[in-house]
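Shown next: data.pdb, given as PDB, C-alpha atoms.
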ATOM      1  CA  MET N  21       5.046-115.378  -7.810
ATOM      2  CA  ALA N  22       4.220-113.645  -4.765
ATOM      3  CA  SER N  23       4.059-110.014  -5.445
ATOM      4  CA  TYR N  24       4.400-107.283  -2.954
ATOM      5  CA  CYS N  25       3.080-104.879  -5.379
ATOM      6  CA  PRO N  26      -0.519-105.436  -6.189
ATOM      7  CA  GLN N  27      -1.124-105.241  -9.785
ATOM      8  CA  ILE N  28      -3.018-102.241 -10.750
ATOM      9  CA  LYS N  29      -5.703-102.679 -13.193
ATOM     10  CA  PRO N  30      -6.587 -99.861 -15.483
ATOM     11  CA  THR N  31      -9.976 -99.619 -13.880
ATOM     12  CA  ASP N  32      -8.384 -99.108 -10.463
ATOM     13  CA  TRP N  33      -6.809 -95.850 -11.467
ATOM     14  CA  SER N  34      -8.703 -92.774 -11.887
ATOM     15  CA  GLU N  35      -7.704 -89.221 -11.962
ATOM     16  CA  PRO N  36      -9.244 -87.104  -9.332
ATOM     17  CA  GLU N  37     -12.048 -84.985 -10.505
ATOM     18  CA  PRO N  38     -10.817 -81.461 -11.281
ATOM     19  CA  ASP N  39     -11.588 -79.175  -8.427
ATOM     20  CA  LEU N  40     -13.636 -76.431  -9.961
ATOM     21  CA  ASP N  41     -14.017 -74.576  -6.714
ATOM     22  CA  TRP N  42     -10.589 -72.959  -6.882
ATOM     23  CA  HIS N  43     -11.465 -71.503 -10.230
ATOM     24  CA  GLU N  44     -14.758 -70.181  -9.072
ATOM     25  CA  SER N  45     -13.292 -68.824  -5.858
ATOM     26  CA  ALA N  46     -10.483 -67.197  -7.853
ATOM     27  CA  ILE N  47     -13.022 -65.594 -10.115
ATOM     28  CA  GLU N  48     -14.940 -64.480  -7.094
ATOM     29  CA  THR N  49     -11.793 -63.005  -5.454
ATOM     30  CA  THR N  50     -10.817 -61.213  -8.646
ATOM     31  CA  SER N  51     -14.229 -59.693  -9.099
ATOM     32  CA  GLU N  52     -14.222 -58.612  -5.435
ATOM     33  CA  ALA N  53     -10.820 -56.971  -5.911
ATOM     34  CA  VAL N  54     -11.993 -55.296  -9.092
ATOM     35  CA  ARG N  55     -15.096 -54.119  -7.307
ATOM     36  CA  LYS N  56     -12.962 -52.707  -4.482
ATOM     37  CA  LEU N  57     -10.598 -51.060  -6.944
ATOM     38  CA  MET N  58     -13.516 -49.537  -8.772
ATOM     39  CA  LEU N  59     -14.864 -48.307  -5.462
ATOM     40  CA  ILE N  60     -11.497 -46.777  -4.618
ATOM     41  CA  ASP N  61     -11.347 -45.168  -8.066
ATOM     42  CA  GLU N  62     -14.802 -43.806  -7.530
ATOM     43  CA  LEU N  63     -13.885 -42.418  -4.114
ATOM     44  CA  VAL N  64     -10.658 -40.864  -5.433
ATOM     45  CA  ALA N  65     -12.536 -39.318  -8.354
ATOM     46  CA  LYS N  66     -15.146 -37.967  -5.954
ATOM     47  CA  ALA N  67     -12.457 -36.556  -3.649
ATOM     48  CA  LEU N  68     -10.632 -34.978  -6.578
ATOM     49  CA  ALA N  69     -13.829 -33.458  -7.877
ATOM     50  CA  GLN N  70     -14.583 -32.142  -4.398
ATOM     51  CA  ALA N  71     -11.056 -30.721  -4.091
ATOM     52  CA  THR N  72     -11.367 -29.061  -7.489
ATOM     53  CA  ASP N  73     -14.682 -27.588  -6.404
ATOM     54  CA  THR N  74     -13.310 -26.456  -3.003
ATOM     55  CA  GLN N  75     -10.188 -24.676  -4.259
ATOM     56  CA  PRO N  76     -11.989 -22.060  -6.376
ATOM     57  CA  ALA N  77     -14.515 -21.622  -3.583
ATOM     58  CA  LEU N  78     -11.717 -21.048  -1.052
ATOM     59  CA  ALA N  79      -9.872 -18.722  -3.431
ATOM     60  CA  GLN N  80     -13.026 -16.736  -4.073
ATOM     61  CA  LEU N  81     -13.824 -16.500  -0.377
ATOM     62  CA  PHE N  82     -10.241 -15.515   0.395
ATOM     63  CA  HIS N  83     -10.177 -12.749  -2.222
ATOM     64  CA  GLU N  84     -13.514 -11.380  -1.039
ATOM     65  CA  GLN N  85     -12.264 -11.172   2.547
ATOM     66  CA  ALA N  86      -8.835  -9.861   1.523
ATOM     67  CA  ASP N  87     -10.384  -7.064  -0.580
ATOM     68  CA  LYS N  88     -12.741  -6.096   2.233
ATOM     69  CA  TRP N  89      -9.903  -6.142   4.757
ATOM     70  CA  GLU N  90      -7.701  -3.940   2.593
ATOM     71  CA  ARG N  91     -10.521  -1.521   1.820
ATOM     72  CA  GLU N  92     -11.466  -1.063   5.471
ATOM     73  CA  THR N  93      -8.014  -1.020   7.092
ATOM     74  CA  ARG N  94      -5.563   0.541   4.694
ATOM     75  CA  HIS N  95      -5.715   3.869   6.539
ATOM     76  CA  LEU N  96      -4.486   2.064   9.673
ATOM     77  CA  SER N  97      -0.868   1.726  10.713
ATOM     78  CA  SER N  98      -1.154  -0.537  13.734
ATOM     79  CA  PRO N  99      -0.613  -4.192  12.757
ATOM     80  CA  ASN N 100      -2.413  -5.168  15.966
ATOM     81  CA  GLN N 101      -5.473  -3.123  14.991
ATOM     82  CA  LYS N 102      -5.444  -4.480  11.440
ATOM     83  CA  ILE N 103      -5.395  -8.125  12.450
ATOM     84  CA  MET N 104      -8.432  -7.598  14.674
ATOM     85  CA  HIS N 105     -10.596  -6.860  11.617
ATOM     86  CA  PRO N 106     -13.282  -9.550  11.082
ATOM     87  CA  SER N 107     -12.077 -10.247   7.532
ATOM     88  CA  TYR N 108      -8.539 -10.955   8.751
ATOM     89  CA  GLN N 109      -9.961 -13.274  11.377
ATOM     90  CA  ALA N 110     -12.031 -14.998   8.674
ATOM     91  CA  VAL N 111      -8.876 -15.578   6.615
ATOM     92  CA  LEU N 112      -7.102 -17.010   9.676
ATOM     93  CA  GLY N 113     -10.045 -19.368  10.124
ATOM     94  CA  MET N 114      -9.470 -20.812   6.639
ATOM     95  CA  GLY N 115      -6.519 -22.747   8.102
ATOM     96  CA  ALA N 116      -3.413 -24.120   6.445
ATOM     97  CA  GLU N 117      -5.086 -24.501   3.037
ATOM     98  CA  VAL N 118      -5.020 -20.716   2.626
ATOM     99  CA  VAL N 119      -1.197 -20.445   2.898
ATOM    100  CA  PRO N 120      -0.525 -20.658  -0.889
ATOM    101  CA  LEU N 121      -3.191 -17.983  -1.447
ATOM    102  CA  LEU N 122      -1.654 -15.761   1.253
ATOM    103  CA  LEU N 123       1.789 -16.092  -0.315
ATOM    104  CA  GLN N 124       0.439 -15.419  -3.792
ATOM    105  CA  ASP N 125      -1.447 -12.348  -2.592
ATOM    106  CA  LEU N 126       1.554 -11.091  -0.633
ATOM    107  CA  ALA N 127       3.737 -11.403  -3.738
ATOM    108  CA  GLN N 128       1.229  -9.841  -6.149
ATOM    109  CA  ASN N 129      -0.651  -7.254  -4.082
ATOM    110  CA  ARG N 130       1.715  -6.793  -1.119
ATOM    111  CA  ARG N 131      -1.105  -7.104   1.362
ATOM    112  CA  GLU N 132       0.426  -7.593   4.764
ATOM    113  CA  TRP N 133      -0.238 -11.224   5.708
ATOM    114  CA  PHE N 134       2.954 -11.545   7.758
ATOM    115  CA  TRP N 135       1.244 -12.251  11.051
ATOM    116  CA  ALA N 136      -1.221 -14.742   9.519
ATOM    117  CA  LEU N 137       1.574 -16.586   7.718
ATOM    118  CA  SER N 138       3.668 -16.809  10.873
ATOM    119  CA  TYR N 139       0.681 -17.886  12.930
ATOM    120  CA  ILE N 140      -0.424 -20.633  10.541
ATOM    121  CA  THR N 141       2.963 -21.970   9.452
ATOM    122  CA  LYS N 142       4.876 -21.327  12.706
ATOM    123  CA  ALA N 143       7.683 -20.017  10.477
ATOM    124  CA  ASN N 144       9.402 -16.651  10.503
ATOM    125  CA  PRO N 145      11.732 -16.071   7.566
ATOM    126  CA  ILE N 146      12.081 -12.287   8.114
ATOM    127  CA  GLN N 147      15.505 -11.248   9.386
ATOM    128  CA  ARG N 148      15.436  -8.946  12.417
ATOM    129  CA  GLU N 149      17.452  -6.280  10.542
ATOM    130  CA  ASP N 150      14.824  -6.234   7.750
ATOM    131  CA  ALA N 151      11.982  -5.454  10.157
ATOM    132  CA  GLY N 152       9.594  -2.954   8.587
ATOM    133  CA  LYS N 153      11.213  -3.028   5.125
ATOM    134  CA  MET N 154       8.374  -4.169   2.877
ATOM    135  CA  ASP N 155      10.453  -5.229  -0.126
ATOM    136  CA  LYS N 156      12.716  -7.437   1.975
ATOM    137  CA  MET N 157       9.910  -8.873   4.079
ATOM    138  CA  VAL N 158       7.863  -9.793   0.996
ATOM    139  CA  ALA N 159      10.961 -11.296  -0.672
ATOM    140  CA  ALA N 160      11.697 -13.395   2.445
ATOM    141  CA  TRP N 161       8.226 -14.946   2.465
ATOM    142  CA  VAL N 162       8.177 -15.461  -1.305
ATOM    143  CA  LYS N 163      11.498 -17.316  -1.071
ATOM    144  CA  TRP N 164      10.139 -19.383   1.835
ATOM    145  CA  GLY N 165       7.084 -20.293  -0.243
ATOM    146  CA  LYS N 166       9.120 -21.180  -3.339
ATOM    147  CA  ASP N 167      11.499 -23.355  -1.329
ATOM    148  CA  ARG N 168       8.511 -25.389  -0.163
ATOM    149  CA  GLY N 169       6.782 -25.546  -3.535
ATOM    150  CA  LEU N 170       3.890 -23.404  -2.339
ATOM    151  CA  LEU N 171       4.386 -20.738  -4.995
TER     152      LEU N 171
ATOM    153  CA  MET I  17       5.973  -1.160  -4.540
ATOM    154  CA  ARG I  18       6.912   1.839  -6.581
ATOM    155  CA  PRO I  19       5.110   4.903  -5.290
ATOM    156  CA  ALA I  20       1.825   5.268  -7.158
ATOM    157  CA  PHE I  21       0.299   8.598  -8.102
ATOM    158  CA  ARG I  22      -3.469   8.511  -7.967
ATOM    159  CA  PRO I  23      -5.688  11.268  -9.305
ATOM    160  CA  GLU I  24      -6.428  13.884  -6.662
ATOM    161  CA  ARG I  25     -10.183  13.312  -6.866
ATOM    162  CA  VAL I  26      -9.645   9.632  -5.980
ATOM    163  CA  ILE I  27      -7.410  10.558  -3.032
ATOM    164  CA  ARG I  28      -9.919  13.147  -1.822
ATOM    165  CA  ALA I  29     -12.836  10.730  -2.060
ATOM    166  CA  GLU I  30     -11.043   8.059  -0.031
ATOM    167  CA  ILE I  31      -9.588  10.372   2.624
ATOM    168  CA  GLU I  32     -12.874  12.224   3.135
ATOM    169  CA  ALA I  33     -14.799   8.952   3.394
ATOM    170  CA  THR I  34     -12.322   7.727   6.013
ATOM    171  CA  PHE I  35     -12.088  10.924   8.066
ATOM    172  CA  PRO I  36     -15.464  12.715   8.153
ATOM    173  CA  HIS I  37     -14.106  15.660  10.224
ATOM    174  CA  ILE I  38     -11.680  16.557   7.446
ATOM    175  CA  VAL I  39     -14.457  17.383   4.970
ATOM    176  CA  GLY I  40     -14.607  21.111   4.266
ATOM    177  CA  THR I  41     -11.132  21.865   5.643
ATOM    178  CA  ASN I  42      -8.247  22.909   3.420
ATOM    179  CA  TRP I  43      -6.354  19.632   3.696
ATOM    180  CA  LEU I  44      -3.863  18.605   0.989
ATOM    181  CA  PRO I  45      -2.399  15.351  -0.335
ATOM    182  CA  LYS I  46       1.375  15.612  -0.094
ATOM    183  CA  SER I  47       2.919  12.377  -1.361
ATOM    184  CA  PRO I  48       2.316   9.380  -3.605
ATOM    185  CA  PHE I  49       0.487   6.244  -2.448
ATOM    186  CA  ASP I  50       3.238   4.166  -0.840
ATOM    187  CA  ASP I  51       3.200   1.066   1.363
ATOM    188  CA  SER I  52       6.835   1.182   2.433
ATOM    189  CA  TYR I  53       6.238   3.399   5.479
ATOM    190  CA  GLN I  54       3.324   4.520   7.645
ATOM    191  CA  CYS I  55       2.279   7.158  10.162
ATOM    192  CA  ILE I  56       4.765   6.431  12.938
ATOM    193  CA  ALA I  57       7.648   6.227  10.459
ATOM    194  CA  TRP I  58       6.541   9.514   8.855
ATOM    195  CA  ALA I  59       6.287  11.178  12.276
ATOM    196  CA  ALA I  60       9.908  10.068  12.691
ATOM    197  CA  SER I  61      10.734  11.313   9.122
ATOM    198  CA  ASP I  62      11.684   7.789   8.029
ATOM    199  CA  THR I  63      10.325   6.714   4.625
ATOM    200  CA  SER I  64      12.366   3.514   4.369
ATOM    201  CA  ARG I  65      10.489   1.229   6.766
ATOM    202  CA  LYS I  66       7.450   0.866   8.987
ATOM    203  CA  TRP I  67       7.594   1.585  12.706
ATOM    204  CA  TRP I  68       5.486  -0.142  15.315
ATOM    205  CA  PRO I  69       6.149  -2.054  18.543
ATOM    206  CA  VAL I  70       5.522  -5.605  17.323
ATOM    207  CA  VAL I  71       6.925  -8.521  19.289
ATOM    208  CA  SER I  72       6.785 -11.190  16.573
ATOM    209  CA  PRO I  73       7.070 -11.600  13.622
ATOM    210  CA  PRO I  74       9.468  -8.660  13.124
ATOM    211  CA  GLU I  75       7.263  -6.863  10.597
ATOM    212  CA  CYS I  76       8.042  -3.344  11.880
ATOM    213  CA  TYR I  77      11.062  -1.478  13.172
ATOM    214  CA  TRP I  78      11.037  -0.217  16.751
ATOM    215  CA  PRO I  79      13.897   1.589  18.523
ATOM    216  CA  PRO I  80      15.891  -0.760  20.722
ATOM    217  CA  ASN I  81      15.110  -0.486  24.442
ATOM    218  CA  ALA I  82      11.676   1.107  23.883
ATOM    219  CA  PRO I  83       8.910  -1.106  25.321
ATOM    220  CA  LEU I  84       7.222  -3.450  22.834
ATOM    221  CA  ASN I  85       3.586  -2.626  23.486
ATOM    222  CA  ASP I  86       0.928  -0.278  22.083
ATOM    223  CA  THR I  87       0.734   2.041  25.083
ATOM    224  CA  VAL I  88       1.344   5.784  24.890
ATOM    225  CA  ASN I  89       4.334   5.351  27.212
ATOM    226  CA  SER I  90       5.998   3.004  24.711
ATOM    227  CA  PHE I  91       5.703   5.664  21.989
ATOM    228  CA  ILE I  92       6.966   8.405  24.329
ATOM    229  CA  GLN I  93      10.067   6.305  25.000
ATOM    230  CA  ALA I  94      10.557   5.439  21.325
ATOM    231  CA  PHE I  95      10.387   9.109  20.312
ATOM    232  CA  ALA I  96      12.644  10.068  23.207
ATOM    233  CA  THR I  97      15.370   8.374  21.133
ATOM    234  CA  LEU I  98      14.776  11.141  18.541
ATOM    235  CA  GLY I  99      14.957  13.866  21.160
ATOM    236  CA  TYR I 100      11.214  14.376  21.821
ATOM    237  CA  ALA I 101       9.851  15.021  25.297
ATOM    238  CA  PRO I 102       6.217  15.237  26.486
ATOM    239  CA  CYS I 103       4.431  18.605  26.488
ATOM    240  CA  THR I 104       0.819  19.715  26.822
ATOM    241  CA  ASP I 105       0.316  22.333  24.115
ATOM    242  CA  ASP I 106      -0.298  21.499  20.450
ATOM    243  CA  SER I 107       0.071  25.081  19.179
ATOM    244  CA  PHE I 108       3.039  26.119  17.052
ATOM    245  CA  GLU I 109       6.060  27.326  19.012
ATOM    246  CA  PHE I 110       8.870  28.971  17.098
ATOM    247  CA  GLY I 111      12.046  26.901  17.496
ATOM    248  CA  TYR I 112      10.236  23.628  18.315
ATOM    249  CA  GLN I 113       8.928  20.690  16.335
ATOM    250  CA  LYS I 114       5.976  18.699  17.694
ATOM    251  CA  VAL I 115       4.321  15.337  17.153
ATOM    252  CA  ALA I 116       0.890  14.174  18.368
ATOM    253  CA  VAL I 117      -0.027  10.690  19.536
ATOM    254  CA  TYR I 118      -3.599   9.464  18.917
ATOM    255  CA  ALA I 119      -4.951   6.731  21.166
ATOM    256  CA  THR I 120      -8.079   4.916  22.250
ATOM    257  CA  ASN I 121      -9.854   5.648  25.517
ATOM    258  CA  THR I 122      -7.954   2.666  26.946
ATOM    259  CA  GLY I 123      -4.571   4.170  26.043
ATOM    260  CA  LEU I 124      -3.712   2.082  22.958
ATOM    261  CA  VAL I 125      -1.911   4.092  20.298
ATOM    262  CA  ARG I 126      -3.524   4.240  16.855
ATOM    263  CA  HIS I 127      -1.765   7.025  14.959
ATOM    264  CA  MET I 128       0.796   9.823  15.032
ATOM    265  CA  ALA I 129       0.974  13.170  13.220
ATOM    266  CA  ARG I 130       3.908  15.578  12.901
ATOM    267  CA  GLN I 131       3.519  19.334  12.996
ATOM    268  CA  HIS I 132       4.563  21.193   9.841
ATOM    269  CA  PHE I 133       7.975  22.684  10.490
ATOM    270  CA  LEU I 134       6.623  26.218  10.188
ATOM    271  CA  GLY I 135       3.323  25.425  11.863
ATOM    272  CA  LYS I 136       1.217  25.225   8.682
ATOM    273  CA  GLY I 137      -0.913  22.367  10.012
ATOM    274  CA  TRP I 138      -0.062  18.726  10.696
ATOM    275  CA  LEU I 139       1.379  15.970   8.506
ATOM    276  CA  SER I 140      -0.087  12.473   8.623
ATOM    277  CA  LYS I 141       0.484   9.255   6.712
ATOM    278  CA  PRO I 142      -2.698   7.205   7.041
ATOM    279  CA  GLY I 143      -1.495   3.601   6.604
ATOM    280  CA  THR I 144      -0.536   2.984   2.992
ATOM    281  CA  LEU I 145      -2.474   6.001   1.729
ATOM    282  CA  GLU I 146      -0.929   9.304   0.679
ATOM    283  CA  ASP I 147       0.626  11.681   3.224
ATOM    284  CA  ILE I 148      -1.755  14.507   3.946
ATOM    285  CA  ARG I 149      -1.454  17.930   5.523
ATOM    286  CA  HIS I 150      -4.463  18.756   7.678
ATOM    287  CA  PRO I 151      -5.073  22.099   9.392
ATOM    288  CA  ASP I 152      -5.634  20.758  12.897
ATOM    289  CA  LEU I 153      -5.419  17.565  14.918
ATOM    290  CA  ARG I 154      -9.175  17.081  15.249
ATOM    291  CA  CYS I 155      -9.578  16.553  11.472
ATOM    292  CA  ILE I 156      -8.623  12.904  11.694
ATOM    293  CA  GLU I 157      -9.895  12.038  15.164
ATOM    294  CA  GLY I 158     -12.523   9.323  15.434
ATOM    295  CA  ASP I 159     -14.169   6.745  17.661
ATOM    296  CA  PRO I 160     -11.895   6.205  20.701
ATOM    297  CA  SER I 161     -13.244   2.733  21.402
ATOM    298  CA  PRO I 162     -10.513   0.031  21.302
ATOM    299  CA  THR I 163     -12.676  -2.098  19.009
ATOM    300  CA  SER I 164     -13.159   0.615  16.381
ATOM    301  CA  PHE I 165     -11.082   0.968  13.221
ATOM    302  CA  GLU I 166     -10.541   4.695  13.691
ATOM    303  CA  TYR I 167      -7.768   6.783  15.264
ATOM    304  CA  GLY I 168      -9.313   7.704  18.564
ATOM    305  CA  THR I 169      -8.329  11.079  20.006
ATOM    306  CA  VAL I 170      -5.105  12.976  20.700
ATOM    307  CA  ALA I 171      -3.617  11.579  23.898
ATOM    308  CA  GLN I 172      -0.146  13.104  24.008
ATOM    309  CA  ILE I 173       1.924  15.874  22.431
ATOM    310  CA  LEU I 174       5.714  15.584  22.237
ATOM    311  CA  LYS I 175       8.184  18.289  21.244
ATOM    312  CA  ARG I 176      11.859  18.850  20.528
ATOM    313  CA  SER I 177      13.940  21.856  19.595
ATOM    314  CA  TRP I 178      14.929  22.555  16.006
ATOM    315  CA  LEU I 179      18.542  22.001  17.015
ATOM    316  CA  THR I 180      17.687  18.524  18.307
ATOM    317  CA  ALA I 181      15.664  17.877  15.129
ATOM    318  CA  ALA I 182      18.664  18.882  13.002
ATOM    319  CA  ARG I 183      20.809  16.384  14.914
ATOM    320  CA  HIS I 184      18.375  13.565  14.171
ATOM    321  CA  ASP I 185      16.022  13.276  11.189
ATOM    322  CA  LEU I 186      15.036  16.813  10.160
ATOM    323  CA  PHE I 187      16.893  16.802   6.853
ATOM    324  CA  SER I 188      15.766  13.306   5.806
ATOM    325  CA  GLY I 189      12.175  14.465   6.363
ATOM    326  CA  TRP I 190      12.756  17.590   4.304
ATOM    327  CA  TRP I 191      14.430  15.590   1.546
ATOM    328  CA  ALA I 192      11.484  13.156   1.354
ATOM    329  CA  ALA I 193       9.002  16.048   1.331
ATOM    330  CA  PHE I 194      10.982  17.779  -1.444
ATOM    331  CA  LEU I 195      11.012  14.591  -3.546
ATOM    332  CA  PHE I 196       7.250  14.138  -3.091
ATOM    333  CA  TRP I 197       6.679  17.748  -4.122
ATOM    334  CA  LEU I 198       8.909  17.312  -7.150
ATOM    335  CA  TYR I 199       7.225  14.054  -8.217
ATOM    336  CA  ARG I 200       3.814  15.633  -7.913
ATOM    337  CA  LYS I 201       4.896  18.644  -9.939
ATOM    338  CA  ILE I 202       6.402  16.507 -12.710
ATOM    339  CA  ILE I 203       4.209  13.411 -12.801
ATOM    340  CA  VAL I 204       0.816  14.575 -11.609
ATOM    341  CA  ALA I 205       0.984  17.804 -13.592
ATOM    342  CA  ARG I 206       1.323  15.778 -16.846
TER     343      ARG I 206
END

Structure translated into structure tokens:
Amino acid sequence: MASYCPQIKPTDWSEPEPDLDWHESAIETTSEAVRKLMLIDELVAKALAQATDTQPALAQLFHEQADKWERETRHLSSPNQKIMHPSYQAVLGMGAEVVPLLLQDLAQNRREWFWALSYITKANPIQREDAGKMDKMVAAWVKWGKDRGLL
Amino acid sequence: MRPAFRPERVIRAEIEATFPHIVGTNWLPKSPFDDSYQCIAWAASDTSRKWWPVVSPPECYWPPNAPLNDTVNSFIQAFATLGYAPCTDDSFEFGYQKVAVYATNTGLVRHMARQHFLGKGWLSKPGTLEDIRHPDLRCIEGDPSPTSFEYGTVAQILKRSWLTAARHDLFSGWWAAFLFWLYRKIIVAR
């Protein structure tokens, strides 16, 4: 009988050899990913450690300058003269990171950081009718800080 | 801040370190330590808020229509709203109340003092420190350079009649002075 289907002998059939490469490449990819993740972890840990080191350093520097500024300008009444003091300028130079410290100091010690806060944050929560009234001006900035989670 | 009463020796040490010309004069502390007003406000007999021509942020009160700059002219116009007019003599004149404006040699105002109503010296509120009564205006003068952190020298005297003072802030100033005196008698004497 003519057959259109050639008879397959058991010796004709063979399973393809398992491709081991995929396994090895998968292992390689996984280890690369793990290595990258570990690297990221390491970098994050380093950054966190650096941040933890920087914050106390910034706080210490801020309090040193704030104390000096208060000591040397508290006999002055002119806000324009007070902000020209080198310590005030040093605090301004600390940038946006110092805002929580300014708010905290304003709330606790009532040192007048109004101009610095406005300059750095571009905000101005003091109502015109409260101009010059310390209690109300401090309360306005404290509320502003709390609303933004900075205090 | 609630007014704080510091021991007199502490007040004396700080004031005399700040104003070298005051040493040896019979100056007196007259109020508690208080950050709710300063020299310009005290010259205007206002103990409720700070006065200064600040454009922004609004951290000080300034009379409407007075110029918002640190020049002597701005302060003359602000105090004109309380009835003061420029004069040249800082001596006591019966029937008149006077204030003095301290400024740098470039004309930037640094401080103001008010003459005692009966001419017993001058009253100053140095920043947040205690009000003081000093015998003359020179006691608190200092470096007139605009970069210094002192008061400079007297640049202008202003005066008004007692009648004008009575129409404006005379009694609020007296009331504040009476309260300070009372507090000192009761609290500091303890």

For Val70 in chain I, work out the shell of residues within 7 Å, counting all atoms listed in the file and skipping chain neighbours fewer than 3 positions away, then give it as a PDB file with C-alpha atoms, keeping the file's coordinate frame.
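What landed in selection29.pdb:
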ATOM      1  CA  PRO I  74       9.468  -8.660  13.124  1.00  0.00           C
ATOM      2  CA  CYS I  76       8.042  -3.344  11.880  1.00  0.00           C
ATOM      3  CA  LEU I  84       7.222  -3.450  22.834  1.00  0.00           C
TER       4      LEU I  84
END

**Report entry** Distance query Ala171 in chain I at most 10 Å, all atoms listed in the file, self and fewer than 5 positions along chain excluded, as a list of chain:residue names
**Finding:**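 My list of contacting residues is I:Val88, I:Thr104, I:Ala116, I:Val117, I:Tyr118, I:Ala119, I:Thr120, I:Asn121, I:Gly123, I:Leu124, I:Val125.
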
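Using the PyMOL selection byres ((chain N) within 7 of (chain I)) on the file at hand returns these residues: Arg94, His95, Leu96, Ser97, Ser98, Phe134, Trp135, Ser138, Asn144, Ile146, Arg148, Ala151, Gly152, Lys153 and Met154 of chain N.
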
**Report entry** For CA of Ala79 in chain N and CA of Gly115 in chain N, the interatomic separation in Å (one decimal)
**Finding:**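 For CA of Ala79 in chain N relative to CA of Gly115 in chain N, the distance reads 12.7 Å.
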
Query raised in the report: Rounded to one decimal in Å, what is the spacing between CA of Leu195 in chain I and CA of Phe95 in chain I?
Result: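 According to the coordinates, CA of Leu195 in chain I and CA of Phe95 in chain I are separated by 24.5 Å.
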
Query raised in the report: So what do you get for CA of His105 in chain N versus CA of Phe21 in chain I, distance-wise?
Result: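 Taking CA of His105 in chain N as the start and CA of Phe21 in chain I as the end point, the length is 27.3 Å.
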
Query - Within 12 Å of Gly165 in chain N using only C-alpha atoms, minus same-chain residues under 2 positions, as a list in words - result: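 In the requested format, the answer is Val119, Pro120, Leu121, Leu122, Leu123, Gln124, Asp125, Leu126, Ala127, Leu137, Thr141, Ala143, Asn144, Pro145, Val158, Ala159, Ala160, Trp161, Val162, Lys163, Asp167, Arg168, Gly169, Leu170 and Leu171 of chain N.
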
Go ahead and save the picked residues with C-alpha atoms, as a compact mmCIF listing (two decimals), keeping the file's coordinate frame.
# COMPACT_ATOMS: atom_id res chain seq x y z
CA VAL N 119 -1.20 -20.44 2.90
CA PRO N 120 -0.52 -20.66 -0.89
CA LEU N 121 -3.19 -17.98 -1.45
CA LEU N 122 -1.65 -15.76 1.25
CA LEU N 123 1.79 -16.09 -0.32
CA GLN N 124 0.44 -15.42 -3.79
CA ASP N 125 -1.45 -12.35 -2.59
CA LEU N 126 1.55 -11.09 -0.63
CA ALA N 127 3.74 -11.40 -3.74
CA LEU N 137 1.57 -16.59 7.72
CA THR N 141 2.96 -21.97 9.45
CA ALA N 143 7.68 -20.02 10.48
CA ASN N 144 9.40 -16.65 10.50
CA PRO N 145 11.73 -16.07 7.57
CA VAL N 158 7.86 -9.79 1.00
CA ALA N 159 10.96 -11.30 -0.67
CA ALA N 160 11.70 -13.40 2.44
CA TRP N 161 8.23 -14.95 2.46
CA VAL N 162 8.18 -15.46 -1.30
CA LYS N 163 11.50 -17.32 -1.07
CA ASP N 167 11.50 -23.36 -1.33
CA ARG N 168 8.51 -25.39 -0.16
CA GLY N 169 6.78 -25.55 -3.54
CA LEU N 170 3.89 -23.40 -2.34
CA LEU N 171 4.39 -20.74 -5.00

**Report entry** Hits from the PyMOL selection byres ((chain I and resi 81) around 10), listed as a PyMOL selection string
**Finding:** chain I and resi 78-80+82-84+90+93-94+97

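Among the candidates I:Val115, I:Ser61, I:Leu134, I:Ile92, the residue lying nearest to Trp191 in chain I is I:Ser61 (atoms considered: all atoms listed in the file).
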
**Report entry** Distance query 9 Å from (-9.3, 15.9, 17.0) using only C-alpha atoms, result as JSON, numbers by chain
**Finding:** {"I": [37, 118, 152, 153, 154, 155, 156, 157, 158, 168, 169, 170]}

Query raised in the report: When distances are computed from only C-alpha atoms, which of I:Leu198, I:His132, I:Arg28, I:Arg22 shows the smallest separation from Phe110 in chain I?
Result: I:His132

**Report entry** Neighbour residues at most 10 Å from (9.7, 26.0, 16.5) (only C-alpha atoms) as a list in words
**Finding:** Phe108, Glu109, Phe110, Gly111, Tyr112, Gln113, Lys114, Gln131, His132, Phe133, Leu134, Gly135, Lys175, Arg176, Ser177, Trp178 and Leu179 of chain I
